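Shown here: work01.pdb, PDB, C-alpha atoms.
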MODEL        1
ATOM      1  CA  MET A   1       0.000   0.000   0.000
ATOM      2  CA  THR A   2       1.201   3.509  -0.676
ATOM      3  CA  PRO A   3       0.307   5.970   2.081
ATOM      4  CA  ASP A   4      -0.650   9.570   1.653
ATOM      5  CA  SER A   5       2.090  11.907   2.797
ATOM      6  CA  PRO A   6       1.598  13.016   6.423
ATOM      7  CA  LEU A   7       2.320  16.520   5.144
ATOM      8  CA  ARG A   8      -0.891  16.545   3.081
ATOM      9  CA  ARG A   9      -3.370  17.379   5.814
ATOM     10  CA  ARG A  10      -6.081  19.927   6.181
ATOM     11  CA  ARG A  11      -5.392  22.739   8.609
ATOM     12  CA  GLY A  12      -6.680  21.764  12.047
ATOM     13  CA  ASP A  13      -6.416  18.035  11.185
ATOM     14  CA  ALA A  14      -2.927  17.423  12.538
ATOM     15  CA  ALA A  15      -3.512  14.190  14.487
ATOM     16  CA  LEU A  16      -1.086  11.451  13.502
ATOM     17  CA  TYR A  17      -2.384   8.205  12.024
ATOM     18  CA  VAL A  18      -0.335   5.112  11.181
ATOM     19  CA  GLU A  19      -1.693   1.768   9.982
ATOM     20  CA  VAL A  20       0.027  -1.430   8.913
ATOM     21  CA  LEU A  21      -1.324  -4.851   7.943
ATOM     22  CA  ILE A  22       0.413  -7.605   9.899
ATOM     23  CA  ARG A  23      -0.079 -11.140   8.589
ATOM     24  CA  ALA A  24       0.124 -12.817  11.971
ATOM     25  CA  PRO A  25      -2.326 -14.017  14.648
ATOM     26  CA  LEU A  26      -4.017 -11.336  16.734
ATOM     27  CA  GLU A  27      -2.694 -12.800  19.983
ATOM     28  CA  GLU A  28       0.884 -12.565  18.717
ATOM     29  CA  VAL A  29       0.497  -8.913  17.710
ATOM     30  CA  TRP A  30      -1.148  -8.225  21.068
ATOM     31  CA  ARG A  31       1.723  -9.868  22.954
ATOM     32  CA  LEU A  32       4.460  -7.989  21.084
ATOM     33  CA  THR A  33       2.763  -4.639  21.638
ATOM     34  CA  GLN A  34       1.327  -4.951  25.154
ATOM     35  CA  ASP A  35       4.405  -6.402  26.858
ATOM     36  CA  PRO A  36       6.652  -3.416  27.775
ATOM     37  CA  ALA A  37       9.875  -5.408  27.296
ATOM     38  CA  SER A  38       8.814  -6.368  23.756
ATOM     39  CA  HIS A  39       7.313  -2.977  22.942
ATOM     40  CA  VAL A  40      10.514  -1.079  23.611
ATOM     41  CA  ARG A  41      12.466  -3.364  21.256
ATOM     42  CA  TRP A  42      10.563  -2.408  18.098
ATOM     43  CA  ASP A  43       9.298   1.110  18.883
ATOM     44  CA  GLY A  44      11.914   3.755  18.069
ATOM     45  CA  ARG A  45      10.048   6.353  20.110
ATOM     46  CA  PHE A  46      11.222   4.746  23.360
ATOM     47  CA  SER A  47      14.463   3.423  24.787
ATOM     48  CA  ASP A  48      12.865   2.237  28.040
ATOM     49  CA  ILE A  49       9.335   1.639  29.364
ATOM     50  CA  VAL A  50       9.038   0.853  33.063
ATOM     51  CA  PRO A  51       5.672  -0.236  34.532
ATOM     52  CA  GLN A  52       4.848   1.546  37.799
ATOM     53  CA  ARG A  53       1.581   0.109  39.060
ATOM     54  CA  THR A  54      -1.711  -1.358  37.906
ATOM     55  CA  ARG A  55      -4.741   0.478  39.235
ATOM     56  CA  SER A  56      -7.864  -1.240  40.534
ATOM     57  CA  ASP A  57      -9.643  -0.411  37.269
ATOM     58  CA  GLY A  58      -6.972  -2.251  35.254
ATOM     59  CA  ALA A  59      -5.244   0.868  33.904
ATOM     60  CA  ARG A  60      -1.458   0.615  33.936
ATOM     61  CA  GLU A  61       0.785   3.495  34.909
ATOM     62  CA  PHE A  62       4.307   3.632  33.490
ATOM     63  CA  ARG A  63       7.266   5.892  32.936
ATOM     64  CA  TYR A  64       9.151   6.109  29.669
ATOM     65  CA  GLU A  65      12.523   7.274  28.419
ATOM     66  CA  LEU A  66      14.039   8.196  25.074
ATOM     67  CA  ASP A  67      17.827   8.251  25.145
ATOM     68  CA  LEU A  68      19.142  10.757  22.603
ATOM     69  CA  GLY A  69      22.775  10.309  23.578
ATOM     70  CA  VAL A  70      23.308  13.850  24.788
ATOM     71  CA  HIS A  71      20.036  13.930  26.738
ATOM     72  CA  THR A  72      17.386  11.475  27.935
ATOM     73  CA  ILE A  73      13.773  12.570  27.663
ATOM     74  CA  ARG A  74      11.605  11.190  30.463
ATOM     75  CA  GLY A  75       7.848  11.158  30.910
ATOM     76  CA  THR A  76       4.899   9.291  32.372
ATOM     77  CA  GLY A  77       1.750   7.690  31.032
ATOM     78  CA  VAL A  78      -1.277   5.547  31.775
ATOM     79  CA  SER A  79      -2.909   2.999  29.459
ATOM     80  CA  LEU A  80      -5.967   0.759  29.457
ATOM     81  CA  ALA A  81      -5.755  -2.138  27.061
ATOM     82  CA  THR A  82      -8.751  -4.433  27.360
ATOM     83  CA  ARG A  83     -11.640  -2.920  25.408
ATOM     84  CA  GLU A  84     -12.986  -5.452  22.901
ATOM     85  CA  GLY A  85     -15.486  -4.886  20.103
ATOM     86  CA  PRO A  86     -18.199  -7.162  18.678
ATOM     87  CA  ALA A  87     -16.051  -8.297  15.732
ATOM     88  CA  GLY A  88     -13.048  -9.197  17.900
ATOM     89  CA  GLU A  89     -11.249  -5.883  17.491
ATOM     90  CA  ARG A  90      -9.374  -4.512  20.493
ATOM     91  CA  THR A  91      -8.465  -0.991  21.590
ATOM     92  CA  SER A  92      -5.719   0.241  23.906
ATOM     93  CA  ALA A  93      -6.136   3.845  25.093
ATOM     94  CA  LEU A  94      -3.283   6.047  26.295
ATOM     95  CA  LEU A  95      -2.487   9.339  28.013
ATOM     96  CA  PHE A  96       1.090  10.618  28.327
ATOM     97  CA  ASP A  97       2.922  13.688  29.609
ATOM     98  CA  THR A  98       6.404  15.009  30.357
ATOM     99  CA  ALA A  99       7.888  17.809  32.405
ATOM    100  CA  ASP A 100      11.056  17.807  30.280
ATOM    101  CA  ALA A 101      11.476  21.256  28.733
ATOM    102  CA  LEU A 102      13.692  19.776  25.994
ATOM    103  CA  SER A 103      11.038  17.326  24.777
ATOM    104  CA  PRO A 104       9.502  18.354  21.422
ATOM    105  CA  LEU A 105       6.306  16.534  22.465
ATOM    106  CA  GLY A 106       4.313  17.686  25.481
ATOM    107  CA  ALA A 107       1.153  16.156  26.905
ATOM    108  CA  GLY A 108      -0.790  13.926  24.527
ATOM    109  CA  ARG A 109      -3.329  11.162  24.089
ATOM    110  CA  GLY A 110      -3.816   8.305  21.674
ATOM    111  CA  TYR A 111      -4.793   4.687  21.105
ATOM    112  CA  TRP A 112      -3.882   1.458  19.366
ATOM    113  CA  ARG A 113      -6.507  -0.588  17.539
ATOM    114  CA  TYR A 114      -6.253  -4.224  16.481
ATOM    115  CA  ILE A 115      -8.737  -5.199  13.762
ATOM    116  CA  PRO A 116      -8.812  -8.872  12.646
ATOM    117  CA  THR A 117      -9.259  -9.436   8.892
ATOM    118  CA  PRO A 118      -8.943 -12.505   6.641
ATOM    119  CA  GLU A 119      -5.513 -11.216   5.578
ATOM    120  CA  GLY A 120      -4.189 -10.528   9.063
ATOM    121  CA  VAL A 121      -4.399  -7.815  11.707
ATOM    122  CA  ARG A 122      -4.869  -4.162  10.835
ATOM    123  CA  PHE A 123      -2.747  -2.571  13.541
ATOM    124  CA  LEU A 124      -3.238   1.177  13.725
ATOM    125  CA  THR A 125      -2.727   4.168  15.941
ATOM    126  CA  GLY A 126      -4.092   7.663  16.222
ATOM    127  CA  TYR A 127      -2.514  10.199  18.548
ATOM    128  CA  ASP A 128      -2.008  13.888  19.088
ATOM    129  CA  TYR A 129       0.024  16.041  21.433
ATOM    130  CA  VAL A 130       0.784  19.577  22.505
ATOM    131  CA  PRO A 131       4.111  20.708  20.998
ATOM    132  CA  GLY A 132       6.946  21.388  23.411
ATOM    133  CA  TRP A 133       9.535  24.187  23.177
ATOM    134  CA  GLY A 134       7.026  27.021  23.538
ATOM    135  CA  TRP A 135       6.643  29.331  20.550
ATOM    136  CA  LEU A 136       9.548  27.642  18.765
ATOM    137  CA  GLY A 137       7.801  24.307  19.030
ATOM    138  CA  ARG A 138       4.541  25.705  17.707
ATOM    139  CA  LEU A 139       6.480  26.982  14.709
ATOM    140  CA  CYS A 140       8.579  23.871  14.068
ATOM    141  CA  ASP A 141       6.016  21.173  14.865
ATOM    142  CA  PRO A 142       3.939  21.178  11.651
ATOM    143  CA  LEU A 143       6.994  21.657   9.428
ATOM    144  CA  LEU A 144       9.579  19.335  11.005
ATOM    145  CA  ILE A 145       8.665  17.572  14.237
ATOM    146  CA  ARG A 146       5.268  16.113  13.346
ATOM    147  CA  PRO A 147       6.346  14.683   9.959
ATOM    148  CA  PHE A 148       9.432  13.163  11.615
ATOM    149  CA  VAL A 149       7.370  11.651  14.455
ATOM    150  CA  TRP A 150       5.000  10.134  11.865
ATOM    151  CA  TRP A 151       7.960   8.658   9.962
ATOM    152  CA  LEU A 152       9.503   7.249  13.153
ATOM    153  CA  THR A 153       6.183   5.704  14.209
ATOM    154  CA  ALA A 154       5.556   4.195  10.762
ATOM    155  CA  ARG A 155       9.071   2.784  10.494
ATOM    156  CA  SER A 156       8.628   1.245  13.944
ATOM    157  CA  PHE A 157       5.301  -0.291  12.922
ATOM    158  CA  ASP A 158       6.950  -1.910   9.911
ATOM    159  CA  ARG A 159       9.722  -3.227  12.154
ATOM    160  CA  LEU A 160       6.985  -4.801  14.299
ATOM    161  CA  ARG A 161       5.414  -6.292  11.158
ATOM    162  CA  MET A 162       8.730  -7.889  10.151
ATOM    163  CA  TRP A 163       9.106  -9.373  13.639
ATOM    164  CA  ALA A 164       5.585 -10.814  13.769
ATOM    165  CA  GLU A 165       5.482 -12.072  10.170
ATOM    166  CA  GLU A 166       9.045 -13.133   9.436
ATOM    167  CA  GLY A 167      10.698 -13.572  12.809
ATOM    168  CA  THR A 168      13.170 -10.776  12.044
ATOM    169  CA  SER A 169      14.133  -9.423  15.449
ATOM    170  CA  PRO A 170      13.891  -5.632  15.926
ATOM    171  CA  GLU A 171      17.628  -5.544  16.626
ATOM    172  CA  GLN A 172      18.304  -6.951  13.147
ATOM    173  CA  ALA A 173      16.131  -4.206  11.637
ATOM    174  CA  SER A 174      17.673  -1.323  13.604
ATOM    175  CA  GLY A 175      20.711   0.901  13.140
ATOM    176  CA  TRP A 176      23.303  -0.110  10.581
ATOM    177  CA  ARG A 177      21.870  -3.655  10.407
ATOM    178  CA  SER A 178      18.705  -2.271   8.808
ATOM    179  CA  LEU A 179      20.751  -1.241   5.756
ATOM    180  CA  ARG A 180      21.072  -4.870   4.694
ATOM    181  CA  ARG A 181      18.737  -6.172   2.020
ATOM    182  CA  GLY A 182      15.700  -7.826   3.554
ATOM    183  CA  TYR A 183      16.178  -6.167   6.945
ATOM    184  CA  ARG A 184      15.050  -2.639   6.108
ATOM    185  CA  PRO A 185      11.773  -1.440   7.688
ATOM    186  CA  ARG A 186      10.018   1.150   5.545
ATOM    187  CA  ALA A 187       7.609   3.841   6.664
ATOM    188  CA  ARG A 188       6.028   3.784   3.215
ATOM    189  CA  ASN A 189       4.528   0.362   4.001
ATOM    190  CA  CYS A 190       2.132   2.144   6.368
ATOM    191  CA  ARG A 191      -0.882   4.319   5.773
ATOM    192  CA  SER A 192      -1.074   7.867   7.093
ATOM    193  CA  ARG A 193      -4.863   8.068   6.703
ATOM    194  CA  PRO A 194      -7.701   5.528   7.047
ATOM    195  CA  ALA A 195      -8.457   3.674   3.821
ATOM    196  CA  ARG A 196     -12.173   4.487   4.041
ATOM    197  CA  ARG A 197     -13.810   7.734   5.035
ATOM    198  CA  THR A 198     -16.382   7.350   7.803
ATOM    199  CA  GLY A 199     -18.131   9.678  10.174
ATOM    200  CA  ARG A 200     -15.444   9.044  12.804
ATOM    201  CA  THR A 201     -12.376  11.174  13.305
ATOM    202  CA  ILE A 202      -8.853   9.916  13.961
ATOM    203  CA  MET A 203      -9.040  10.820  17.645
ATOM    204  CA  ASP A 204     -12.448   9.329  18.477
ATOM    205  CA  ASP A 205     -10.853   6.377  20.290
ATOM    206  CA  ALA A 206      -8.414   8.515  22.291
ATOM    207  CA  PRO A 207      -9.240   9.395  25.922
ATOM    208  CA  ARG A 208      -9.370  13.028  27.022
ATOM    209  CA  SER A 209      -8.796  12.549  30.762
ATOM    210  CA  LEU A 210      -7.818  10.039  33.433
ATOM    211  CA  GLU A 211     -11.504   9.658  34.296
ATOM    212  CA  GLU A 212     -12.275   8.699  30.704
ATOM    213  CA  ILE A 213      -9.514   6.109  30.541
ATOM    214  CA  ALA A 214     -10.743   4.493  33.763
TER
ENDMDL
END
Step by step, read the file and then write its structure as C-alpha cells.
Amino acid sequence: MTPDSPLRRRRGDAALYVEVLIRAPLEEVWRLTQDPASHVRWDGRFSDIVPQRTRSDGAREFRYELDLGVHTIRGTGVSLATREGPAGERTSALLFDTADALSPLGAGRGYWRYIPTPEGVRFLTGYDYVPGWGWLGRLCDPLLIRPFVWWLTARSFDRLRMWAEEGTSPEQASGWRSLRRGYRPRARNCRSRPARRTGRTIMDDAPRSLEEIA
C-alpha cells in the first residue's frame, strides 16, 4: 500500500495516524505490543518503558525514556488495554505527559486498535500532542517535528510487522543492520490516513482525561 504523505493534511487536522497490515495471529500482535519489554524493542520512540503500578480499574501506569545520547527525555503515562469490540477488534487507550522542557512533544493522548481481517491484523494508531519548546515548538512542529514523528512511528510499525510475520528481530532491523537487504523497515509500508472515510475522526478512540480512561 502507498500511504498519503503526512504533510498533506487539512489545517486543524494534525492528528497522527499510522496503519500497517500484519499477517500474523491477533494474539501474537497483542503480545508484542502490550508487553513493555517487547514494545521497547521495536518502537523507536522509546528506549525504556518501566511499569509503575496497575490500578484497581486495570489501567497501567508507566514511565518512559528516550535516550538521545546527549540527553534522555523522560515522561509518564497511563494505558488501558482491554476494550474489545463485537467483531473481535481490540483498543488500547493512552495518556502521556512530560515535564522535560527539551522534549519536542508535550502532553498527549492516543490509542492502538487491532482489527482482525482474513488477511491478518490491521494494527493502527491515532494520537495527538501539545508541541513542546514554547513558541519555537509551535512553529517547528507542523513543518519538522510532526512529519518526523510520523515517519519514526511508521518505520517502527513496519519493524513490528517484520518481527511478527518473518521472525526478524527488531535488533536486526535497527541501526546499521537495517541497511542490509531484507532487513530494512520502511515507513512507506504504512498508511497515514484511514483507507475508508467514515463519520469518525482519527481521535475518536483517544481518551481526554484520566476519568475517561478508567
**Study point:** Computed interatomic separation between CA of Ser156 in chain A and CA of Thr168 in chain A (Å)
**Key:**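 Taking CA of Ser156 in chain A as the start and CA of Thr168 in chain A as the end point, the length is 13.0 Å.
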Check your understanding: Looking at only C-alpha atoms, which of A:Val18, A:Trp42, A:Tyr129, A:Met203 is the one that sits closest to Pro142 in chain A?
Key ->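 Nearest to Pro142 in chain A: A:Tyr129.
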Review point. Using all atoms listed in the file, which residues sit within 7 Å of Ala15 in chain A once same-chain residues fewer than 2 positions away are excluded, as a PyMOL selection string?
Key: chain A and resi 13+17+126-128+202
Restricting the output to C-alpha atoms, write the selected residues as a PDB file, in the frame of the given file.
ATOM      1  CA  ASP A  13      -6.416  18.035  11.185  1.00  0.00           C
ATOM      2  CA  TYR A  17      -2.384   8.205  12.024  1.00  0.00           C
ATOM      3  CA  GLY A 126      -4.092   7.663  16.222  1.00  0.00           C
ATOM      4  CA  TYR A 127      -2.514  10.199  18.548  1.00  0.00           C
ATOM      5  CA  ASP A 128      -2.008  13.888  19.088  1.00  0.00           C
ATOM      6  CA  ILE A 202      -8.853   9.916  13.961  1.00  0.00           C
TER       7      ILE A 202
END
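Selection result for the displayed file, with the PyMOL selection byres ((chain A and resi 110) around 9) as criterion, is Ser92, Ala93, Leu94, Leu95, Phe96, Gly108, Arg109, Tyr111, Trp112, Thr125, Gly126, Tyr127, Asp128, Tyr129, Met203, Asp205, Ala206 and Pro207 of chain A.
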Revision key, fill the gap. Computed gap from CA of Gly75 in chain A to CA of Arg63 in chain A is 5.7 Å
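Nearest residue to Ser209 in chain A among A:Ala107, A:Ala24, A:Arg90, A:Glu84 is A:Ala107, counting only C-alpha atoms.
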Practice item. Might you pull out every residue within 9 Å of range 31-39 of chain A, with only C-alpha atoms counted and same-chain residues fewer than 5 positions away left off, and present them as a PyMOL selection string? Key: chain A and resi 26+46+48-51+81+92+160+163-164
**Study point:** Residue nearest Glu171 in chain A - candidates A:Tyr64, A:Arg53, A:Tyr183, A:Trp133, atoms counted: all atoms listed in the file
**Key:** A:Tyr183
Review point. CA of Val121 in chain A and CA of Ile22 in chain A are how many Å apart?
Key: 5.1 Å
Practice item. Just the residues within 10 Å of Val20 in chain A, please, counting all atoms listed in the file, with nothing from its chain fewer than 3 positions along; format it as a PyMOL selection string. Key: chain A and resi 1+23+121-125+154+157-158+160-161+187-192
Practice item. For the structure provided, state which residues fall under the PyMOL selection byres ((chain A and resi 58) around 12), and present them as a list in words. Key: Arg53, Thr54, Arg55, Ser56, Asp57, Ala59, Arg60, Glu61, Val78, Ser79, Leu80, Ala81, Thr82, Arg83, Ser92, Ala93, Ile213 and Ala214 of chain A
**Study point:** Nearest to Glu27 in chain A, chosen from A:Cys140, A:Arg184, A:Gly88, A:Ala101, with only C-alpha atoms counted in the distances
**Key:**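 Nearest candidate to Glu27 in chain A out of A:Cys140, A:Arg184, A:Gly88, A:Ala101: A:Gly88.
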Exercise for review: Compare A:Glu19, A:Glu119, A:Glu165, A:Asp67 by their minimum atom-to-atom distance to Thr153 in chain A, counting all atoms listed in the file, and give me the closest one.
Suggested key: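 Of A:Glu19, A:Glu119, A:Glu165, A:Asp67, the one nearest Thr153 in chain A, counting all atoms listed in the file, is A:Glu19.
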Check your understanding: Hey, what's within 10 Å of His71 in chain A if we count all atoms listed in the file and toss same-chain stuff fewer than 3 positions away? As a PyMOL selection string, please?
Key -> chain A and resi 66-68+74+102-103
With the input short on atoms, add N, CA and C atoms back to range 155-166 of chain A and write it as a short mmCIF file (atom, residue, chain, number, x, y, z; two decimals), in the frame of the given file.
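Writing the result to selection24.cif gives the following:
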data_model
loop_
_atom_site.label_atom_id
_atom_site.label_comp_id
_atom_site.auth_asym_id
_atom_site.auth_seq_id
_atom_site.Cartn_x
_atom_site.Cartn_y
_atom_site.Cartn_z
N ARG A 155 7.93 3.68 10.64
CA ARG A 155 9.07 2.78 10.49
C ARG A 155 9.08 1.75 11.62
N SER A 156 8.72 2.17 12.81
CA SER A 156 8.63 1.25 13.94
C SER A 156 7.53 0.21 13.72
N PHE A 157 6.39 0.64 13.20
CA PHE A 157 5.30 -0.29 12.92
C PHE A 157 5.74 -1.34 11.90
N ASP A 158 6.50 -0.94 10.90
CA ASP A 158 6.95 -1.91 9.91
C ASP A 158 7.99 -2.85 10.50
N ARG A 159 8.78 -2.35 11.45
CA ARG A 159 9.72 -3.23 12.15
C ARG A 159 8.95 -4.27 12.96
N LEU A 160 7.84 -3.85 13.59
CA LEU A 160 6.98 -4.80 14.30
C LEU A 160 6.42 -5.83 13.33
N ARG A 161 5.96 -5.37 12.16
CA ARG A 161 5.41 -6.29 11.16
C ARG A 161 6.44 -7.36 10.77
N MET A 162 7.68 -6.95 10.53
CA MET A 162 8.73 -7.89 10.15
C MET A 162 8.98 -8.91 11.25
N TRP A 163 8.89 -8.46 12.50
CA TRP A 163 9.11 -9.37 13.64
C TRP A 163 7.99 -10.39 13.73
N ALA A 164 6.73 -9.92 13.62
CA ALA A 164 5.58 -10.81 13.77
C ALA A 164 5.43 -11.76 12.59
N GLU A 165 5.69 -11.27 11.38
CA GLU A 165 5.48 -12.07 10.17
C GLU A 165 6.66 -12.98 9.86
N GLU A 166 7.87 -12.45 9.96
CA GLU A 166 9.04 -13.13 9.44
C GLU A 166 10.00 -13.63 10.51
#
